[in-house]
Amino acid sequence: MQQAWDDGRASEIISGFKTTRGGLLPTLHALQEEFGYVDDTVMPALAKTFNLSQADVYGVITFYHDFKRTRPGRHTIKVCRAESCQSMGSEELLNDIKKRLSVDLHGKTADGEFSLEQVFCLGNCALSPAIMIDKTVYGRVTAERVDSLVKGLRS
Amino acid sequence: MSAVKIYVPNDSAARSVGADEVAAAVVAEAAKRGIEIKLVRNGTRGMLWLEPLVEVATPSGRIAYGPVVPADVAGLFDAGFATGGAHKLSHGVTDDLPWLKSQERLTFARLGITDPLCPDDYVAHGGMDGLKRALALTPAQVVAEVTESGLRGRGGAGFPAGIKWKTVQEAKSYEKFICCNADEGDSGTFADRMVMEDDPFMLIEGMTIAGIAVGATQGYIYLRSEYPQACDHLNAAIAIANKRTWLGQNILGSGHTFNLEVRVGAGAYVCGEETAMLESIEGKRGVIRAKPPIPALVGLWNKPTVVNNVLTLASVPIILAKGGAFYKNYGVGRSLGTQPFQLAGNIKHGGLVEKSFGVSLDELINGYGGGTYTGRPIRSVQVGGPLGAYVPVKHLGTAADYESMQEVGAILGHGGIVVFDDTVNMAHQARFAMEFCAEESCGKCTPCRIGSTRGVEVMDHILAGDNVAKNLDILEDLCEVMADGSLCAMGGLTPLPVRSAVKHFPEDFDTTAAKPRQVA
């Protein structure tokens, strides 16, 4: 469950990685795990902790697809768009999900419940098409199955 | 009567089709009937189309039932499945299934047989034999054994592991590192994930042997963030290994030190390139480094570093346990040993097939794989991930080894095979290859960063039927610049799927043709 952004808690997390070699990525992961995103306000603290410029920190956060700078939906649906899933109709599945949830790629639903993202391979290629909701992978996915999963998470 | 052992896989592929629900149903049904069972969450056997594959231990061996859905469970108990009774989902003794029996599982010998996080199970099935033998040898002898085995980098480049290890071993430095590349981003591959989820101690053992051989005391596993379960299993296994002195300050009482840490990536495909991975472990943007210097000499934090793929390091324990000479008896020519092939995409019997190098693509796809999932004819297969060539049906007789694949203009890569049926439009696949490169390029070199974006635009013109002949010339020009001018394989190999699609499927690019290709 994502917590609301809290500067105190954020600096606590950051100081936990002070002595970790190459600690910026693990710190960003820990912040995102707690809050669902990395607020821009922590960039100066991150820069100071890891002896980097703020530009370096900004560069790292924006380089990686995983790191979000705004609060995502309560759940994130990632649809695999890599070749294996393409061969089993992932593009149609993605379009179907977009329509059913009225949401675009990288967007979130009006009620803030679901973010929709693309992913290139979940390592479930023998059971394509695959999607991931939060940290759970689903294989042989149909639009109907997504519907029932979404319904289950909403209730 | 003692408790019946029932196995329900805990692999994320099995769970993706309901293994957890089946496990819960088995436990509930057994309790209801007063049958005493011991539920084991094993790894997957690799027969992924049969998942969730439930196995029951009987005096004649483990009997397989699958694919099981929770609604089947009561019926299975009615049929006496707790004693291996007949049922329409029964496949008989698992080990006797031809699909499994005809494989040559060296690296994946324990796959699906053991509980991944049970160290006693690991040892009972040959685990730690490699490390024990390595500790009885000198570091130079360990490296010599790996060289002797002919083991080549399983990440795709196929560089001899022994030569890399020797370079790091001979480098002078107060600090060296072992980095395991577990950023398995290629579509169609999942063997690394299976190692980490289903037999994590094997990877730990392989990395420890590497550390002792080259004189490194710290290892990192760079794991992609898309694999949360592999992360959990690795961290749990590392904690157990530390307790058992399989890792830490005094490994098995030998005085050797080797510590291991998992570092999680953040969704950048290019971090599977070894130098980008090193940058990422250092906490930076995953921008590649120009080579030379090679990471073996100037690697992580500029120290000598062994960078090997999961499968390379996972092959090390058996090589040490049984000897390099044993391992090189498998395979052909300069491709020695076995390769875990991964059958994926539009395929009927998808899963993991470990065979000696040299098995034909046809045997893998039509033999083991049983053809397409949809039942339609195969049109094309992509081997080696998004940077691998599209192979036409006429080349399916090709032997799957590094050299034979090269002869038909393809690569073996990480051994992933993605099958497409005849509904695929190869011009769209060529466009996707460019789109993927544009999305994932680290941006360091111009051919890759700009070339891929231009490539998408050119493909859009071609798909719109706009000046097709001229645009195909431009596409070829672009491919040449990217292949020859890029710093790493990201831009350098993106032309491979594009060019192979144009070469073998020109009809899909002829968008102004009077009669477009018909799919029946």
# chains A, B, ... in the order shown; residues from 1 in each chain; ligands from 1

$ closest_atom_pairs --of "chain B" --to "chain A" --cutoff "7 Å" --atoms "only C-alpha atoms" --output "tab-separated table"
residue	atom	partner	partner_atom	distance
B:Ser12	CA	A:Val137	CA	6.8
B:Ala13	CA	A:Asn124	CA	5.6
B:Ser16	CA	A:Tyr138	CA	4.0
B:Val17	CA	A:Gly139	CA	5.6
B:Leu48	CA	A:Ala126	CA	6.4
B:Gly185	CA	A:Cys121	CA	6.3
B:Asp186	CA	A:Cys121	CA	6.9
B:Ser187	CA	A:Cys121	CA	5.3
B:Gly188	CA	A:Cys125	CA	5.2
B:Thr189	CA	A:Gly123	CA	6.1
B:Phe190	CA	A:Gly123	CA	4.7
B:Arg193	CA	A:Gly123	CA	6.9
B:Glu226	CA	A:Leu122	CA	5.9
B:Pro228	CA	A:Lys135	CA	6.4
B:Ala266	CA	A:Asp66	CA	5.0
B:Gly267	CA	A:His65	CA	5.2
B:Ala268	CA	A:Tyr64	CA	5.7
B:Ile281	CA	A:Gly22	CA	6.2
B:Glu282	CA	A:Gly22	CA	4.2
B:Gly283	CA	A:Gly22	CA	4.4
B:Lys284	CA	A:Val60	CA	5.9
B:Arg285	CA	A:Val60	CA	4.9
B:Leu343	CA	A:Ala126	CA	6.3
B:Ala344	CA	A:Ala126	CA	4.3
B:Gly345	CA	A:Ser84	CA	4.1
B:Asn346	CA	A:Ser87	CA	5.6
B:Gly350	CA	A:Ala126	CA	4.6
B:Gly351	CA	A:Ala126	CA	5.7
B:Val418	CA	A:Ser84	CA	5.6
B:Phe420	CA	A:Ser87	CA	5.4

$ residues_around --residues "Met196 (chain B)" --least-positions-apart "3" --cutoff "8 Å" --atoms "only C-alpha atoms" --output "PyMOL selection string"
chain B and resi 192-193+199-200+203+230-231+233-234

$ write_last_selection --atoms "C-alpha atoms" --output "PDB file, in the first residue's frame"
ATOM      1  CA  ASP B 192      17.678 -16.988 -16.254  1.00  0.00           C
ATOM      2  CA  ARG B 193      14.452 -16.358 -14.396  1.00  0.00           C
ATOM      3  CA  ASP B 199      17.379 -23.207  -8.319  1.00  0.00           C
ATOM      4  CA  PRO B 200      18.959 -20.056  -6.848  1.00  0.00           C
ATOM      5  CA  LEU B 203      23.814 -19.428  -9.236  1.00  0.00           C
ATOM      6  CA  ALA B 230      13.403 -14.004  -8.614  1.00  0.00           C
ATOM      7  CA  CYS B 231      14.476 -11.134  -6.357  1.00  0.00           C
ATOM      8  CA  HIS B 233      14.071 -16.107  -3.980  1.00  0.00           C
ATOM      9  CA  LEU B 234      17.630 -14.864  -4.501  1.00  0.00           C
TER      10      LEU B 234
END

$ select_by_dssp --residues "region 394-501 of chain B" --states "strand (DSSP E)" --output "VMD selection string"
chain B and resid 416 to 421

$ select_by_dssp --residues "chain A" --states "alpha helix (DSSP H)" --output "MDAnalysis selection string"
chainID A and resid 7:15 24:35 43:49 54:63 83:86 90:101 143:154

$ write_last_selection --atoms "C-alpha atoms" --output "mmCIF file, in the first residue's frame"
data_model
loop_
_atom_site.group_PDB
_atom_site.id
_atom_site.type_symbol
_atom_site.label_atom_id
_atom_site.label_comp_id
_atom_site.auth_asym_id
_atom_site.auth_seq_id
_atom_site.Cartn_x
_atom_site.Cartn_y
_atom_site.Cartn_z
ATOM 1 C CA ASP A 7 9.502 14.402 3.795
ATOM 2 C CA GLY A 8 10.577 13.037 7.164
ATOM 3 C CA ARG A 9 10.080 9.436 6.160
ATOM 4 C CA ALA A 10 11.810 10.115 2.833
ATOM 5 C CA SER A 11 14.954 11.446 4.520
ATOM 6 C CA GLU A 12 14.896 8.479 6.873
ATOM 7 C CA ILE A 13 14.905 6.142 3.853
ATOM 8 C CA ILE A 14 17.664 8.107 2.156
ATOM 9 C CA SER A 15 19.942 8.077 5.193
ATOM 10 C CA LEU A 24 21.284 5.934 -5.586
ATOM 11 C CA LEU A 25 19.324 3.239 -7.436
ATOM 12 C CA PRO A 26 18.489 1.190 -4.322
ATOM 13 C CA THR A 27 17.393 4.434 -2.634
ATOM 14 C CA LEU A 28 15.129 5.395 -5.504
ATOM 15 C CA HIS A 29 13.615 1.900 -5.450
ATOM 16 C CA ALA A 30 13.020 2.146 -1.704
ATOM 17 C CA LEU A 31 11.373 5.560 -2.046
ATOM 18 C CA GLN A 32 9.173 4.327 -4.843
ATOM 19 C CA GLU A 33 8.254 1.192 -2.914
ATOM 20 C CA GLU A 34 7.066 3.369 -0.026
ATOM 21 C CA PHE A 35 5.338 6.191 -1.887
ATOM 22 C CA MET A 43 16.539 15.662 -5.397
ATOM 23 C CA PRO A 44 18.715 18.045 -3.312
ATOM 24 C CA ALA A 45 18.876 15.546 -0.414
ATOM 25 C CA LEU A 46 19.767 12.708 -2.780
ATOM 26 C CA ALA A 47 22.456 14.818 -4.436
ATOM 27 C CA LYS A 48 23.960 15.703 -1.077
ATOM 28 C CA THR A 49 23.866 12.143 0.289
ATOM 29 C CA GLN A 54 21.211 17.630 -8.732
ATOM 30 C CA ALA A 55 21.527 17.327 -12.500
ATOM 31 C CA ASP A 56 23.073 13.872 -12.034
ATOM 32 C CA VAL A 57 20.196 12.797 -9.811
ATOM 33 C CA TYR A 58 17.636 14.177 -12.255
ATOM 34 C CA GLY A 59 19.471 12.360 -15.039
ATOM 35 C CA VAL A 60 19.252 9.040 -13.260
ATOM 36 C CA ILE A 61 15.579 9.360 -12.284
ATOM 37 C CA THR A 62 14.556 10.260 -15.821
ATOM 38 C CA PHE A 63 16.771 7.654 -17.532
ATOM 39 C CA GLU A 83 7.720 -9.932 -29.692
ATOM 40 C CA SER A 84 6.632 -13.122 -27.961
ATOM 41 C CA CYS A 85 3.463 -11.503 -26.675
ATOM 42 C CA GLN A 86 2.942 -9.782 -30.045
ATOM 43 C CA SER A 90 -0.725 -8.402 -27.246
ATOM 44 C CA GLU A 91 -1.333 -5.307 -29.372
ATOM 45 C CA GLU A 92 -5.042 -6.146 -29.619
ATOM 46 C CA LEU A 93 -5.074 -6.929 -25.895
ATOM 47 C CA LEU A 94 -3.481 -3.571 -25.085
ATOM 48 C CA ASN A 95 -5.981 -1.694 -27.252
ATOM 49 C CA ASP A 96 -8.812 -3.603 -25.636
ATOM 50 C CA ILE A 97 -7.591 -2.757 -22.127
ATOM 51 C CA LYS A 98 -7.215 0.906 -23.077
ATOM 52 C CA LYS A 99 -10.828 0.952 -24.242
ATOM 53 C CA ARG A 100 -12.263 -0.983 -21.308
ATOM 54 C CA LEU A 101 -10.497 1.163 -18.714
ATOM 55 C CA ALA A 143 -9.453 -9.061 -22.084
ATOM 56 C CA GLU A 144 -12.149 -10.869 -20.069
ATOM 57 C CA ARG A 145 -9.575 -12.067 -17.552
ATOM 58 C CA VAL A 146 -8.272 -8.514 -17.185
ATOM 59 C CA ASP A 147 -11.841 -7.382 -16.570
ATOM 60 C CA SER A 148 -12.316 -9.844 -13.746
ATOM 61 C CA LEU A 149 -8.909 -9.056 -12.217
ATOM 62 C CA VAL A 150 -9.674 -5.347 -12.333
ATOM 63 C CA LYS A 151 -13.071 -5.945 -10.807
ATOM 64 C CA GLY A 152 -11.499 -7.986 -8.009
ATOM 65 C CA LEU A 153 -9.023 -5.215 -7.207
ATOM 66 C CA ARG A 154 -11.675 -2.489 -7.265
#

$ closest_residue --among "B:Leu352, B:Val419, B:Ala157, B:Ala28" --to "Tyr373 (chain B)" --atoms "only C-alpha atoms"
B:Val419

$ residues_around --residues "Leu105 (chain A)" --least-positions-apart "6" --cutoff "8 Å" --atoms "only C-alpha atoms" --output "count of residues only"
4

$ residues_around --residues "Gly358 (chain B)" --least-positions-apart "4" --cutoff "12 Å" --atoms "only C-alpha atoms" --output "PyMOL selection string"
chain B and resi 330-339+341+354+362-364+397-405+412

$ closest_residue --among "B:Pro497, B:Gly126, B:Gly80, B:Gly150" --to "Tyr327 (chain B)" --atoms "only C-alpha atoms"
B:Gly150

$ closest_residue --among "B:Asp120, B:Asp95, B:Asp115, B:Glu21" --to "Ala71 (chain B)" --atoms "only C-alpha atoms"
B:Glu21

$ residues_around --residues "Gly112 (chain A)" --least-positions-apart "3" --cutoff "9 Å" --atoms "only C-alpha atoms" --output "PyMOL selection string"
chain A and resi 72-75+108-109+115

$ closest_residue --among "B:Thr94, B:Thr312, B:Ser486, B:Thr217" --to "Ser441 (chain B)" --atoms "only C-alpha atoms"
B:Ser486

$ residues_around --residues "region 472-475 of chain B" --least-positions-apart "5" --cutoff "9 Å" --atoms "only C-alpha atoms" --output "list in words"
Arg454, Gly455, Val458, Met459, Ile462, Asn467, Glu480, Val498, Arg499, Val502 and Phe509 of chain B
